[in-house]
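Please read the structure below before turning to the comments.
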Amino acid sequence: MDNYFPFKIGDLHFHTSRRRQTPPVPVPVQLSHPNPVQIKQGKRMGLELPKYPEIEEDNVLNFTDSELVSHVKNALTSVLSGDHNSYNQLVGVMHHSKHLAPDEVALLETTLKALAGAVSSIDITHHDSLLSAIFTMSMWNYGPHVADALAELIVSLAISNGKYLDLCLRMLVSNFTPPPYFLDKLKLPRGLERKGQVLCRVHAAFKKIADYVPLAPLRLLTIVLQGMPTIYHKDRAIVIYVENMLKLESGEIGELVGSTMLMAVVDRLIELDVEIGWDAILQDDFSKGIFEMELEDMDDIEESAEPDVGEFRLSRKSLAGNSIAELLDNLLVLTFEHLESCEREGRLAKVFETLLQSFQITVLSAYKSKFAQFVIFYACALDPENCGMRFATVLVELFVQYSQPQPTRMSAVAYLASYLSRAKFLSASFICSMLKRLVDWCLEYCETHNGDVNPNAHRVFYSGCQAIMYVLCFRMKAFVNVPRLKLQLIMPLEQVLKHKLNPLKVCLPSVVEEFLRQAKAASLFTVSETFIFDGLLESELSRAFGGLERLDTFFPFDPCLLKRCDSFIRPMFVFWSMVKPTYDDDEDDGSSDDELVQDLPNENEEMMNGIDMDEFDCLLQKMSITPKSTSSHKFGGRFQEQARMPSRIRPSTSPESL
Amino acid sequence: MEGLSVADANLVVYLHPSKSRNVSQAILRELGSWLFKFNETFDGVLLAYDVNILDKKAEILSGVHPYFAAKLKANLLLFSPKPDMLIEGKVMKLCQESIHVIVLGFSSAIVTAENIRGELKYKNKDREELFASKSHKRHVIKVGTVIRFLVKSFDDEILHITGSLIPAHTGSIRWLDRNLEEISEFDRSATKSRDRESLGDKTNDDDIASNYQLYKEISCSQLVGNVATESPCR
């Protein structure tokens with residue numbers, strides 16, 4: 001957090017007091033505008049060419065650079081003695097920006113270049129109208145040559161005098177976003193070309209300034225952060241601004257400003273995420289909900305302050321048209337693409353450290369972040385061996401540390417459970433080792449705590465147990481055949497589950513039921529009469545450990561409902577429909593099932609290559625029909641969309657499946 | 001080079017209770033946040049510090065957030081260029097209008113054409129820009145040369161120096177050091193010329209800093225009083 005805000009409170013304090021002591025330094029924040037009367041005169045008379053010496057008859061200007069520079073210098077210095085004519089002409093040229101004829105363009109370019117050479121003569125008080133004109137110019141309005149000249153002028157100004165540095169940086173940052181009239185043209189080829197031209201010059205200017213003023217990146221950091229459009233600004237403005245921030249991260253001064261830029265972007269993602277209420281993505285019709293609500297539950301839900309108690313089916317349709325969701329979608333995709341380019345450049349491991357830090361500070365502590373966490377999921381997917389494993393390890397560490405606050409530990413293990421279940425790119429052995437750590441911790445906890453069932457007192461323990469069971473719901477089939485697992489994982493787990501603390505009674509019933517069903521089918525545990533598998537009714541204890549935040553129903557890596565985002569995540573994501581539970585063994589699986597499961601990822605990849613999104617949705621619908629009609633009676637049957645997740649695990653309604 | 005000094009300081013740093021788990025890290029963080037910024041109390045830019053925590057016990061300030069005061073003893077390397085001091089820096093950019101210099105790797109400086117003495121003429125030979133002395137052929141200033149210049153003013157917020165190459169004993173240090181006898185104007189003390197000789201062709205910033213051992217004692221009460229007026233660190 002400390003390198004996010006480079007200026008601490010103490011520093012601000014002494015800077016202000018310093019200013020009071022010295023006579024006021026003329027560093028105006030707002031420069032006055034030129035006398036409107038004079039400009040009007042200029043327009044009426046037609047634009048007068050500044051009186052450059054010796055204009056030849058064919059109007060070809062044949063001056064050396066130094067002659068031009070000295071002419072401009074004279075114009076500037078003459079202001080001090082009261083002669084404003086040439087100076088006003090100069091200012092007039094600066095202001096003339098729209099619908100320029102070619103010779104006017106050339107004039108502007110020449111003037112800018114001459115000014116760049118004459119910066120030492122520019123005085124901040126006497127020439128404030130000129131400076132104001134320069135700082136309000138937008139590179140988006142001009143072609144490449146004028147943009148070059150303008151960039152050169154800004155760089156010269158910035159390095160000539162400390163007073164202009166902040167103003168120049170601010171001017172460049174304001175060029176991150178095009179003028180309002182241009183925003184619509186951004187998607188057109190001409191718009192894209194102009195965008196490329198401007199942004200490349202702006203970022204090159206940053207580098208040049210940083211070369212001559214080493215502390216400029218520090219100033220730039222604050223200015224960029226201050227200039228970030230709020231989420232209530234027009235959509236495309238913030239998207240292009242974030243694009244620039246990410247460009248800074250990967251650019252030549254990336255080492256200096258990069259991590260702060262990334263953390264600020266993640267912060268903005270969380271801000272947007274939080275704006276999308278859970279109620280925006282809840283389905284209206286409760287009766288179609290996965291859970292058959294009993295009346296008591298309904299009353300509970302209505303009474304409670306949280307609208308998101310209980311499990312509801314999330315619907316992508318409810319999110320459509322939500323402009324904030326769309327904005328978040330676009331920003332997430334930008335971030336994904338940026339991560340891809342980091343990976344190509346071999347920088348992902350370093351960038352990941354920043355992401356991880358940002359995750360712990362911002363995402364982990366955000367109340368039930370919905371989509372922003374997919375940034376780190378995607379980063380892990382791009383580099384499973386390093387980033388993927390590191391993420392899980394960090395989460396486990398957070399969980400086992402007693403010094404961490406309880407909500408952090410519970411949140412960490414919820415992330416871990418969802419991550420280990422959903423990440424297609426993690427090896428079974430790694431998942432096993434992570435589970436083992438959890439089981440070992442739970443076992444140790446059992447041995448040191450002898451109390452009875454108490455959801456509140458042992459919240460962290462119950463969240464750990466639920467996490468283990470959740471992961472096993474997804475991965476049990478893969479683990480069952482490995483003999484050493486039984487010893488290392490299953491036997492300690494059995495001890496935990498049979499302990500007095502009775503996690504089976506306290507953890508989420510849907511998770512427990514599915515877990516037990518699979519465990520029974522796989523003959524995981526030794527069954528004794530005292531241990532009742534079937535008929536586990538929901539007791540008043542269940543779902544009670546989650547607390548007000550309902551961290552027991554928090555499955556952060558459930559399928560992403562943002563359309564564009566989802567297309568990135570899909571190829572590396574485990575959907576519940578792709579999971580073969582252990583009780584499917586008895587059925588006639590046949591090779592067709594396997595093929596389909598294997599084909600699914602391939603199909604995904606094919607489809608990712610530039611397919612129309614509507615067509616994709618259509619295909620999606622087709623894909624979600626299971627090959628086995630019998631599984632409609634099973635856990636997770638009757639699905640229409642891939643937005644199915646075991647957090648919405650339904651107790652199977654048909655008795656035969658038990 | 002003038003303007004560098006090492007100071008012994010007795011400091012008091014106020015820490016938020018949340019930092020109590022790892023106090024030394026919090027102190028280092030706080031001091032680290034002062035680096036490369038001009039500090040009024042020290043009257044200079046803090047470049048480096050070496051800190052000793054004096055006491056394991058700390059006084060707790062009463063209030064809404066009970067900050068606790070950690071007493072420290074520190075060695076501080078400070079940079080405080082004042083007008084008429086001679087500073088050295090490396091030339092980064094050269095044009096007819098100005099010479100841009102970087103001092104100690106972090107501070108930018110500019111010498112404008114009006115502040116370059118007439119003896120040094122701008123030349124553009126084969127696209128290589130340089131300033132060459134009319135009277136001494138070997139005295140050449142190009143990009144990459146380390147020059148010594150006079151400080152005219154110092155902007156303590158941006159740490160930007162405006163300099164002057166008007167005095168005769170300013171210019172490329174390589175040439176200056178080899179031609180000491182030709183500079184008659186300024187009477188430099190013997191110790192200072194010894195320092196310049198030992199500098200030689202060093203352009204390494206760390207080496208420059210390590211050559212100077214000017215000590216300044218800052219009194220405890222003055223510092224504590226001054227530090228106390230700053231807002232406590234987070």
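Ordering of the structure tokens sets the chain letters (A, B, ...); residue numbers start at 1 within each chain; ligands are numbered from 1 in the order shown.
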Practice item. Please return, as a ChimeraX atom specification, all residues of chain B lying within 9 Å of chain A when only C-alpha atoms are considered. Key: /B:29-30,33-34,36-37,39-40,92-93,95-98,100-102,105-113,155,157-162,230-234
Exercise for review: Name all residues at most 12 Å from B:Ser62 (count only C-alpha atoms; drop same-chain ones fewer than 6 positions away) and give them as a list in words.
Suggested key: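 Using only C-alpha atoms, the neighbours found are His16, Pro17, Phe68 and Ala69 of chain B.
Atom to atom, atom CA of A:Ile376 and atom CA of A:Leu339 stand 9.6 Å apart.
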Review point. Using only C-alpha atoms, which residues sit within 6 Å of B:Pro83 once same-chain residues fewer than 6 positions away are excluded, as JSON, numbers by chain?
Key: {"B": [151, 152, 153]}
With C-alpha atoms retained, write the just-selected residues as a compact mmCIF listing (two decimals), in the first residue's frame.
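For reference, selection_18.txt as written:
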# COMPACT_ATOMS: atom_id res chain seq x y z
CA VAL B 151 24.29 26.94 -9.01
CA LYS B 152 21.97 29.83 -9.75
CA SER B 153 18.82 28.49 -8.20
Exercise for review: Name all residues at most 7 Å from B:Val13 (count only C-alpha atoms; drop same-chain ones fewer than 2 positions away) and give them as a ChimeraX atom specification.
Suggested key: /B:11,15,69-71
Go ahead and save the residues from that selection, with all heavy atoms, as a PDB file, in the first residue's frame.
ATOM      1  N   LEU B  11      16.335  11.482  15.714  1.00  0.00           N
ATOM      2  CA  LEU B  11      14.987  11.607  15.167  1.00  0.00           C
ATOM      3  C   LEU B  11      13.972  10.931  16.061  1.00  0.00           C
ATOM      4  O   LEU B  11      14.288   9.996  16.787  1.00  0.00           O
ATOM      5  CB  LEU B  11      14.907  10.927  13.790  1.00  0.00           C
ATOM      6  CG  LEU B  11      15.822  11.426  12.699  1.00  0.00           C
ATOM      7  CD1 LEU B  11      15.754  10.487  11.516  1.00  0.00           C
ATOM      8  CD2 LEU B  11      15.417  12.814  12.264  1.00  0.00           C
ATOM      9  N   LEU B  15       4.687   6.248  14.897  1.00  0.00           N
ATOM     10  CA  LEU B  15       4.141   5.110  14.169  1.00  0.00           C
ATOM     11  C   LEU B  15       2.725   4.779  14.605  1.00  0.00           C
ATOM     12  O   LEU B  15       2.400   4.846  15.788  1.00  0.00           O
ATOM     13  CB  LEU B  15       5.018   3.870  14.381  1.00  0.00           C
ATOM     14  CG  LEU B  15       6.469   4.013  13.940  1.00  0.00           C
ATOM     15  CD1 LEU B  15       7.250   2.775  14.340  1.00  0.00           C
ATOM     16  CD2 LEU B  15       6.548   4.191  12.434  1.00  0.00           C
ATOM     17  N   ALA B  69       5.974   6.830  19.768  1.00  0.00           N
ATOM     18  CA  ALA B  69       7.132   7.573  19.274  1.00  0.00           C
ATOM     19  C   ALA B  69       8.377   6.712  19.383  1.00  0.00           C
ATOM     20  O   ALA B  69       8.779   6.328  20.473  1.00  0.00           O
ATOM     21  CB  ALA B  69       7.310   8.842  20.091  1.00  0.00           C
ATOM     22  N   ALA B  70       8.989   6.431  18.249  1.00  0.00           N
ATOM     23  CA  ALA B  70      10.214   5.629  18.241  1.00  0.00           C
ATOM     24  C   ALA B  70      11.404   6.567  18.097  1.00  0.00           C
ATOM     25  O   ALA B  70      11.469   7.378  17.175  1.00  0.00           O
ATOM     26  CB  ALA B  70      10.175   4.640  17.092  1.00  0.00           C
ATOM     27  N   LYS B  71      12.340   6.435  19.041  1.00  0.00           N
ATOM     28  CA  LYS B  71      13.515   7.321  18.992  1.00  0.00           C
ATOM     29  C   LYS B  71      14.596   6.644  18.163  1.00  0.00           C
ATOM     30  O   LYS B  71      14.885   5.463  18.347  1.00  0.00           O
ATOM     31  CB  LYS B  71      14.035   7.573  20.407  1.00  0.00           C
ATOM     32  CG  LYS B  71      13.159   8.487  21.216  1.00  0.00           C
ATOM     33  CD  LYS B  71      13.913   9.116  22.368  1.00  0.00           C
ATOM     34  CE  LYS B  71      12.982  10.051  23.116  1.00  0.00           C
ATOM     35  NZ  LYS B  71      13.038   9.901  24.550  1.00  0.00           N
TER      36      LYS B  71
END
**Study point:** Near-B:Arg117 list (10 Å; only C-alpha atoms; drop same-chain fewer than 6 positions) as a list of chain:residue names
**Key:**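 With the cut-off at 10 Å, the set is B:Ser133, B:Ser164, B:Leu165, B:Ile166, B:Pro167, B:Ala168, B:Thr170, B:Gly171.
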Selected residues written out with all heavy atoms, as a compact mmCIF listing (two decimals), in the first residue's frame:
# COMPACT_ATOMS: atom_id res chain seq x y z
N SER B 133 35.70 25.47 -26.42
CA SER B 133 36.28 26.74 -25.99
C SER B 133 37.08 27.37 -27.12
O SER B 133 37.81 26.70 -27.84
CB SER B 133 37.18 26.49 -24.78
OG SER B 133 37.97 27.61 -24.53
N SER B 164 25.03 27.87 -14.15
CA SER B 164 25.72 28.87 -14.95
C SER B 164 27.13 28.39 -15.26
O SER B 164 27.82 27.82 -14.41
CB SER B 164 25.76 30.18 -14.16
OG SER B 164 26.79 31.00 -14.63
N LEU B 165 27.54 28.62 -16.52
CA LEU B 165 28.91 28.29 -16.91
C LEU B 165 29.69 29.57 -17.18
O LEU B 165 30.63 29.58 -17.97
CB LEU B 165 28.91 27.42 -18.17
CG LEU B 165 28.59 25.94 -17.96
CD1 LEU B 165 28.47 25.23 -19.29
CD2 LEU B 165 29.68 25.28 -17.13
N ILE B 166 29.28 30.64 -16.52
CA ILE B 166 29.96 31.92 -16.76
C ILE B 166 31.31 32.01 -16.07
O ILE B 166 32.29 32.42 -16.70
CB ILE B 166 29.03 33.10 -16.40
CG1 ILE B 166 27.87 33.13 -17.42
CG2 ILE B 166 29.78 34.41 -16.39
CD1 ILE B 166 26.95 34.28 -17.30
N PRO B 167 31.44 31.60 -14.82
CA PRO B 167 32.76 31.74 -14.18
C PRO B 167 33.82 30.90 -14.90
O PRO B 167 33.52 29.86 -15.50
CB PRO B 167 32.52 31.19 -12.76
CG PRO B 167 31.06 31.23 -12.57
CD PRO B 167 30.43 31.08 -13.90
N ALA B 168 35.03 31.34 -14.80
CA ALA B 168 36.11 30.70 -15.55
C ALA B 168 36.41 29.30 -15.06
O ALA B 168 36.90 28.45 -15.82
CB ALA B 168 37.37 31.56 -15.48
N THR B 170 34.48 26.97 -14.37
CA THR B 170 33.42 26.00 -14.65
C THR B 170 33.68 25.40 -16.02
O THR B 170 34.36 25.98 -16.86
CB THR B 170 32.04 26.65 -14.65
OG1 THR B 170 32.04 27.76 -15.57
CG2 THR B 170 31.68 27.17 -13.27
N GLY B 171 33.10 24.25 -16.26
CA GLY B 171 33.31 23.59 -17.56
C GLY B 171 33.56 22.12 -17.36
O GLY B 171 33.24 21.55 -16.31
Practice item. Please identify all polymer residues within 10 Å of A:Val79, counting only C-alpha atoms, omitting same-chain residues fewer than 5 positions from it, and present them as a PyMOL selection string. Key: chain A and resi 74+84-88+123+126-127
